[in-house]
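Student: If it helps, the file is called target_8.pdb and holds PDB, C-alpha atoms, pLDDT in the B column:
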```pdb
MODEL        1
ATOM      1  CA  MET E 282       7.407  -0.604 -13.981  1.00 69.00           C
ATOM      2  CA  HIS E 283       9.474   2.148 -15.501  1.00 86.00           C
ATOM      3  CA  LEU E 284       8.162   5.619 -14.673  1.00 88.00           C
ATOM      4  CA  GLN E 285       7.780   7.937 -17.633  1.00 91.00           C
ATOM      5  CA  PRO E 286       9.791  11.190 -17.507  1.00 92.00           C
ATOM      6  CA  ALA E 287       6.631  13.315 -17.137  1.00 91.00           C
ATOM      7  CA  THR E 288       5.481  11.169 -14.212  1.00 92.00           C
ATOM      8  CA  ARG E 289       8.882  11.405 -12.537  1.00 95.00           C
ATOM      9  CA  ARG E 290       8.931  15.187 -13.004  1.00 95.00           C
ATOM     10  CA  GLU E 291       5.470  15.606 -11.465  1.00 94.00           C
ATOM     11  CA  ILE E 292       6.379  13.332  -8.546  1.00 96.00           C
ATOM     12  CA  LYS E 293       9.463  15.479  -7.871  1.00 97.00           C
ATOM     13  CA  ARG E 294       7.418  18.687  -8.017  1.00 96.00           C
ATOM     14  CA  ILE E 295       4.700  17.382  -5.720  1.00 97.00           C
ATOM     15  CA  SER E 296       7.247  15.864  -3.321  1.00 97.00           C
ATOM     16  CA  THR E 297       9.086  19.174  -3.118  1.00 97.00           C
ATOM     17  CA  GLY E 298       5.832  21.027  -2.443  1.00 97.00           C
ATOM     18  CA  VAL E 299       4.785  18.542   0.236  1.00 98.00           C
ATOM     19  CA  LEU E 300       8.163  18.647   1.987  1.00 98.00           C
ATOM     20  CA  LEU E 301       8.392  22.456   1.866  1.00 98.00           C
ATOM     21  CA  GLY E 302       4.813  22.845   3.084  1.00 98.00           C
ATOM     22  CA  SER E 303       5.401  20.359   5.857  1.00 98.00           C
ATOM     23  CA  ALA E 304       8.604  22.111   6.935  1.00 98.00           C
ATOM     24  CA  LEU E 305       6.669  25.390   7.050  1.00 98.00           C
ATOM     25  CA  MET E 306       3.952  23.697   9.124  1.00 98.00           C
ATOM     26  CA  VAL E 307       6.484  22.376  11.641  1.00 98.00           C
ATOM     27  CA  ALA E 308       8.144  25.821  11.789  1.00 98.00           C
ATOM     28  CA  VAL E 309       4.765  27.426  12.560  1.00 98.00           C
ATOM     29  CA  PHE E 310       4.256  24.924  15.378  1.00 98.00           C
ATOM     30  CA  ALA E 311       7.719  25.809  16.704  1.00 98.00           C
ATOM     31  CA  VAL E 312       7.086  29.577  16.520  1.00 98.00           C
ATOM     32  CA  LEU E 313       3.786  29.128  18.350  1.00 98.00           C
ATOM     33  CA  GLY E 314       5.595  27.130  21.054  1.00 97.00           C
ATOM     34  CA  ARG E 315       3.600  23.976  20.239  1.00 97.00           C
ATOM     35  CA  PHE E 316       6.417  21.904  18.740  1.00 97.00           C
ATOM     36  CA  SER E 317       6.730  18.370  20.102  1.00 97.00           C
ATOM     37  CA  TRP E 318       7.876  14.954  18.928  1.00 98.00           C
ATOM     38  CA  PRO E 319       4.315  13.941  17.963  1.00 98.00           C
ATOM     39  CA  VAL E 320       4.192  17.030  15.708  1.00 98.00           C
ATOM     40  CA  LEU E 321       7.369  15.911  13.947  1.00 98.00           C
ATOM     41  CA  TRP E 322       6.377  12.229  13.736  1.00 98.00           C
ATOM     42  CA  GLY E 323       2.936  13.215  12.457  1.00 98.00           C
ATOM     43  CA  ALA E 324       4.509  15.389   9.769  1.00 98.00           C
ATOM     44  CA  LEU E 325       6.761  12.523   8.701  1.00 98.00           C
ATOM     45  CA  LEU E 326       3.831  10.100   8.518  1.00 98.00           C
ATOM     46  CA  GLY E 327       1.718  12.615   6.607  1.00 98.00           C
ATOM     47  CA  ASP E 328       4.568  13.353   4.186  1.00 98.00           C
ATOM     48  CA  THR E 329       5.188   9.669   3.565  1.00 98.00           C
ATOM     49  CA  VAL E 330       1.522   8.907   2.906  1.00 98.00           C
ATOM     50  CA  ALA E 331       0.980  12.026   0.744  1.00 98.00           C
ATOM     51  CA  ILE E 332       4.024  11.400  -1.445  1.00 98.00           C
ATOM     52  CA  GLY E 333       3.421   7.641  -1.558  1.00 97.00           C
ATOM     53  CA  ASN E 334      -0.193   8.274  -2.547  1.00 97.00           C
ATOM     54  CA  PHE E 335       0.917  10.493  -5.433  1.00 97.00           C
ATOM     55  CA  VAL E 336       3.536   7.969  -6.603  1.00 96.00           C
ATOM     56  CA  PHE E 337       0.907   5.206  -6.482  1.00 96.00           C
ATOM     57  CA  LEU E 338      -1.435   7.457  -8.488  1.00 96.00           C
ATOM     58  CA  GLY E 339       1.228   8.042 -11.149  1.00 95.00           C
ATOM     59  CA  ILE E 340       1.943   4.331 -11.479  1.00 95.00           C
ATOM     60  CA  SER E 341      -1.774   3.565 -11.639  1.00 96.00           C
ATOM     61  CA  VAL E 342      -2.380   6.124 -14.375  1.00 94.00           C
ATOM     62  CA  GLN E 343       0.473   4.681 -16.441  1.00 94.00           C
ATOM     63  CA  LYS E 344      -0.876   1.137 -16.040  1.00 94.00           C
ATOM     64  CA  ALA E 345      -4.427   2.227 -16.847  1.00 95.00           C
ATOM     65  CA  ALA E 346      -3.302   4.142 -19.935  1.00 93.00           C
ATOM     66  CA  ALA E 347      -1.468   1.076 -21.233  1.00 93.00           C
ATOM     67  CA  ALA E 348      -4.486  -1.210 -20.690  1.00 94.00           C
ATOM     68  CA  GLU E 349      -7.703  -1.609 -22.618  1.00 96.00           C
ATOM     69  CA  GLU E 350     -10.402   0.943 -21.757  1.00 94.00           C
ATOM     70  CA  LEU E 351     -12.482  -1.286 -19.454  1.00 96.00           C
ATOM     71  CA  ARG E 352      -9.414  -2.729 -17.723  1.00 95.00           C
ATOM     72  CA  GLY E 353      -7.938   0.760 -17.336  1.00 95.00           C
ATOM     73  CA  ARG E 354     -11.118   1.989 -15.695  1.00 96.00           C
ATOM     74  CA  GLN E 355     -11.047  -0.998 -13.306  1.00 96.00           C
ATOM     75  CA  ILE E 356      -7.424  -0.316 -12.420  1.00 96.00           C
ATOM     76  CA  MET E 357      -8.193   3.319 -11.612  1.00 96.00           C
ATOM     77  CA  GLN E 358     -11.264   2.448  -9.524  1.00 97.00           C
ATOM     78  CA  PHE E 359      -9.415  -0.207  -7.542  1.00 97.00           C
ATOM     79  CA  THR E 360      -6.315   1.882  -6.919  1.00 97.00           C
ATOM     80  CA  TYR E 361      -8.423   4.902  -5.929  1.00 97.00           C
ATOM     81  CA  SER E 362     -10.170   2.781  -3.290  1.00 97.00           C
ATOM     82  CA  LEU E 363      -6.873   1.359  -2.081  1.00 97.00           C
ATOM     83  CA  ARG E 364      -5.225   4.805  -1.903  1.00 97.00           C
ATOM     84  CA  MET E 365      -8.160   6.241   0.071  1.00 97.00           C
ATOM     85  CA  LEU E 366      -8.050   3.247   2.430  1.00 98.00           C
ATOM     86  CA  ILE E 367      -4.371   3.960   3.099  1.00 97.00           C
ATOM     87  CA  VAL E 368      -5.119   7.645   3.788  1.00 98.00           C
ATOM     88  CA  VAL E 369      -7.947   6.760   6.184  1.00 98.00           C
ATOM     89  CA  ALA E 370      -5.752   4.162   7.912  1.00 98.00           C
ATOM     90  CA  ALA E 371      -2.969   6.739   8.401  1.00 98.00           C
ATOM     91  CA  LEU E 372      -5.422   9.235   9.893  1.00 97.00           C
ATOM     92  CA  ALA E 373      -6.956   6.565  12.131  1.00 98.00           C
ATOM     93  CA  LEU E 374      -3.487   5.511  13.275  1.00 97.00           C
ATOM     94  CA  SER E 375      -2.577   9.105  14.072  1.00 97.00           C
ATOM     95  CA  MET E 376      -5.701   9.474  16.199  1.00 97.00           C
ATOM     96  CA  ALA E 377      -5.224   6.154  17.976  1.00 98.00           C
ATOM     97  CA  VAL E 378      -1.500   6.373  18.746  1.00 97.00           C
ATOM     98  CA  GLU E 379      -0.119   9.262  20.783  1.00 95.00           C
ATOM     99  CA  VAL E 380       3.193   9.145  18.938  1.00 97.00           C
ATOM    100  CA  PHE E 381       1.543  11.127  16.113  1.00 97.00           C
ATOM    101  CA  TYR E 382      -0.323  14.410  16.233  1.00 97.00           C
ATOM    102  CA  TRP E 383      -3.320  13.911  13.916  1.00 97.00           C
ATOM    103  CA  LEU E 384      -3.353  17.477  12.577  1.00 97.00           C
ATOM    104  CA  THR E 385       0.239  17.219  11.367  1.00 97.00           C
ATOM    105  CA  VAL E 386      -0.718  14.020   9.541  1.00 98.00           C
ATOM    106  CA  LEU E 387      -3.784  15.609   7.954  1.00 98.00           C
ATOM    107  CA  ILE E 388      -2.169  18.818   6.668  1.00 98.00           C
ATOM    108  CA  PRO E 389       0.508  17.098   4.504  1.00 98.00           C
ATOM    109  CA  LEU E 390      -2.260  15.008   2.928  1.00 97.00           C
ATOM    110  CA  LEU E 391      -3.735  18.272   1.610  1.00 97.00           C
ATOM    111  CA  LEU E 392      -0.409  19.623   0.349  1.00 97.00           C
ATOM    112  CA  PRO E 393      -0.345  17.866  -3.075  1.00 97.00           C
ATOM    113  CA  ARG E 394      -3.550  19.688  -4.066  1.00 96.00           C
ATOM    114  CA  ILE E 395      -2.220  22.968  -2.657  1.00 96.00           C
ATOM    115  CA  THR E 396       1.057  22.468  -4.530  1.00 96.00           C
ATOM    116  CA  ILE E 397      -0.792  21.880  -7.809  1.00 94.00           C
ATOM    117  CA  LEU E 398      -2.910  24.981  -7.195  1.00 95.00           C
ATOM    118  CA  VAL E 399       0.187  27.109  -6.508  1.00 94.00           C
ATOM    119  CA  LEU E 400       1.874  25.767  -9.652  1.00 93.00           C
ATOM    120  CA  GLN E 401      -1.217  26.621 -11.704  1.00 92.00           C
ATOM    121  CA  ILE E 402      -1.559  30.118 -10.235  1.00 93.00           C
ATOM    122  CA  THR E 403       2.111  30.926 -10.782  1.00 92.00           C
ATOM    123  CA  GLY E 404       2.025  29.546 -14.321  1.00 89.00           C
ATOM    124  CA  ALA E 405       4.677  26.963 -13.495  1.00 85.00           C
ATOM    125  CA  TYR E 406       2.320  24.101 -14.344  1.00 79.00           C
ATOM    126  CA  LYS E 407       2.457  23.403 -18.056  1.00 72.00           C
ATOM    127  CA  PRO E 408       1.215  19.936 -18.998  1.00 63.00           C
ATOM    128  CA  ASP E 409       3.117  18.153 -21.750  1.00 59.00           C
ATOM    129  CA  LYS E 410       1.408  18.174 -25.132  1.00 57.00           C
ATOM    130  CA  GLY E 411       2.075  14.437 -25.412  1.00 52.00           C
ATOM    131  CA  ALA E 412       1.233  13.657 -21.793  1.00 49.00           C
ATOM    132  CA  ASN E 413      -1.859  11.685 -22.772  1.00 49.00           C
ATOM    133  CA  GLU E 414       0.100   9.390 -25.058  1.00 49.00           C
ATOM    134  CA  VAL E 415       1.581   6.217 -23.649  1.00 47.00           C
ATOM    135  CA  LYS E 416       5.231   5.937 -24.546  1.00 44.00           C
ATOM    136  CA  GLY E 417       7.126   2.681 -24.894  1.00 45.00           C
ATOM    137  CA  GLU E 418       7.962   0.922 -21.661  1.00 40.00           C
TER     138      GLU E 418
ENDMDL
END
```
What does the file become when written as structure tokens?

Tutor:
Amino acid sequence: MHLQPATRREIKRISTGVLLGSALMVAVFAVLGRFSWPVLWGALLGDTVAIGNFVFLGISVQKAAAAEELRGRQIMQFTYSLRMLIVVAALALSMAVEVFYWLTVLIPLLLPRITILVLQITGAYKPDKGANEVKGE
């Protein structure tokens, strides 16, 4: 599926926010003298799941918008459940395997929402007027 320009732009913005926030988190751990490999591996897992979750959301929204109303609703419900299952699995993995520090997996999962909030507060978030329209694929 071809990603629409607005979707690609939002993915880039959220990815940047997640990566910057995660780098700041790792730096805080280093300053506090708590940096370790599990902190870094946890941050990488959290970043991957957070960004992947947002990409999957963008693709799902595009597919749902192109489908009939009932089918679109089903797509969104199914993909929401699948995305939450992936998030829970990543957190469970981080708690079960000592290679990851669970807190550094959890924090990046919160960063997309924080990034959106920061963009809204700073006025940098301006939705497209035609964002609700499905463009040719």

Student: Could you list the residues chosen by the PyMOL selection byres ((chain E and resi 376-382) around 7) in this structure as a list in words?

Tutor: Pro319, Val320, Trp322, Gly323, Leu372, Ala373, Leu374, Ser375, Trp383, Leu384, Thr385 and Val386 of chain E

Student: What does the file look like for those residues with C-alpha atoms, as a short mmCIF file (atom, residue, chain, number, x, y, z; two decimals), keeping the file's coordinate frame?

Tutor:
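Below you can see result-v7.cif, which holds the result:
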```
data_model
loop_
_atom_site.label_atom_id
_atom_site.label_comp_id
_atom_site.auth_asym_id
_atom_site.auth_seq_id
_atom_site.Cartn_x
_atom_site.Cartn_y
_atom_site.Cartn_z
CA PRO E 319 4.32 13.94 17.96
CA VAL E 320 4.19 17.03 15.71
CA TRP E 322 6.38 12.23 13.74
CA GLY E 323 2.94 13.22 12.46
CA LEU E 372 -5.42 9.24 9.89
CA ALA E 373 -6.96 6.56 12.13
CA LEU E 374 -3.49 5.51 13.28
CA SER E 375 -2.58 9.10 14.07
CA TRP E 383 -3.32 13.91 13.92
CA LEU E 384 -3.35 17.48 12.58
CA THR E 385 0.24 17.22 11.37
CA VAL E 386 -0.72 14.02 9.54
#
```

Student: Can you turn the PyMOL selection byres ((chain E and resi 302) around 12) into a concrete residue list for this file, as a short mmCIF file (atom, residue, chain, number, x, y, z; two decimals) with C-alpha atoms, keeping the file's coordinate frame?

Tutor:
```cif
data_model
loop_
_atom_site.label_atom_id
_atom_site.label_comp_id
_atom_site.auth_asym_id
_atom_site.auth_seq_id
_atom_site.Cartn_x
_atom_site.Cartn_y
_atom_site.Cartn_z
CA ILE E 295 4.70 17.38 -5.72
CA SER E 296 7.25 15.86 -3.32
CA THR E 297 9.09 19.17 -3.12
CA GLY E 298 5.83 21.03 -2.44
CA VAL E 299 4.78 18.54 0.24
CA LEU E 300 8.16 18.65 1.99
CA LEU E 301 8.39 22.46 1.87
CA SER E 303 5.40 20.36 5.86
CA ALA E 304 8.60 22.11 6.94
CA LEU E 305 6.67 25.39 7.05
CA MET E 306 3.95 23.70 9.12
CA VAL E 307 6.48 22.38 11.64
CA ALA E 308 8.14 25.82 11.79
CA VAL E 309 4.76 27.43 12.56
CA ALA E 324 4.51 15.39 9.77
CA LEU E 325 6.76 12.52 8.70
CA GLY E 327 1.72 12.62 6.61
CA ASP E 328 4.57 13.35 4.19
CA ALA E 331 0.98 12.03 0.74
CA THR E 385 0.24 17.22 11.37
CA ILE E 388 -2.17 18.82 6.67
CA PRO E 389 0.51 17.10 4.50
CA LEU E 390 -2.26 15.01 2.93
CA LEU E 391 -3.74 18.27 1.61
CA LEU E 392 -0.41 19.62 0.35
CA PRO E 393 -0.34 17.87 -3.08
CA ARG E 394 -3.55 19.69 -4.07
CA ILE E 395 -2.22 22.97 -2.66
CA THR E 396 1.06 22.47 -4.53
CA VAL E 399 0.19 27.11 -6.51
#
```

Student: Which is closest to Ile367 of chain E among E:Thr403, E:Asn334, E:Gln285, E:Gln343, if we use all atoms listed in the file?

Tutor: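 Looking only at the distances to Ile367 of chain E, the closest residue turns out to be E:Asn334.
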
Student: Record the distance separating atom CA of Leu321 of chain E and atom CA of Gly333 of chain E, expressed in Å with one decimal.

Tutor: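 Separation of atom CA of Leu321 of chain E and atom CA of Gly333 of chain E: 18.0 Å.
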
Student: Name the residues, using the chain letters and numbers of the file, that sit within 10 Å of (0.4, 4.6, -9.3) when counting only C-alpha atoms, and give them as a PyMOL selection string.

Tutor: chain E and resi 282+284+288+333-345+356-357+360-361+364

Student: Interatomic distance between atom CA of Val330 of chain E and atom CA of Gly404 of chain E?

Tutor: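 Pair atom CA of Val330 of chain E / atom CA of Gly404 of chain E returns 26.9 Å.
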
Student: What does the distance between atom CA of Arg352 of chain E and atom CA of Ile332 of chain E come to in Å, to one decimal place?

Tutor: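 These atoms are spaced 25.4 Å apart.
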
Student: Is it possible to get the axis-aligned box enclosing segment 340-355 of chain E (all listed atoms, 5 Å extra per side) as AutoDock Vina command-line options, with centre and edge lengths in Å rounded to one decimal?

Tutor:
```
--center_x -5.3 --center_y 1.7 --center_z -17.0 --size_x 24.4 --size_y 18.9 --size_z 21.1
```

Student: Point out the residue among E:Ile292, E:Ala346, E:Leu351, E:Leu326 with the least atom-to-atom distance to Val368 of chain E, counting only C-alpha atoms.

Tutor: E:Leu326

Student: Which residue, E:Gln355, E:Lys407, E:Glu350, E:Ile402, has the smallest gap to Arg290 of chain E when you use all atoms listed in the file?

Tutor: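 Counting all atoms listed in the file, the residue closest to Arg290 of chain E is E:Lys407.
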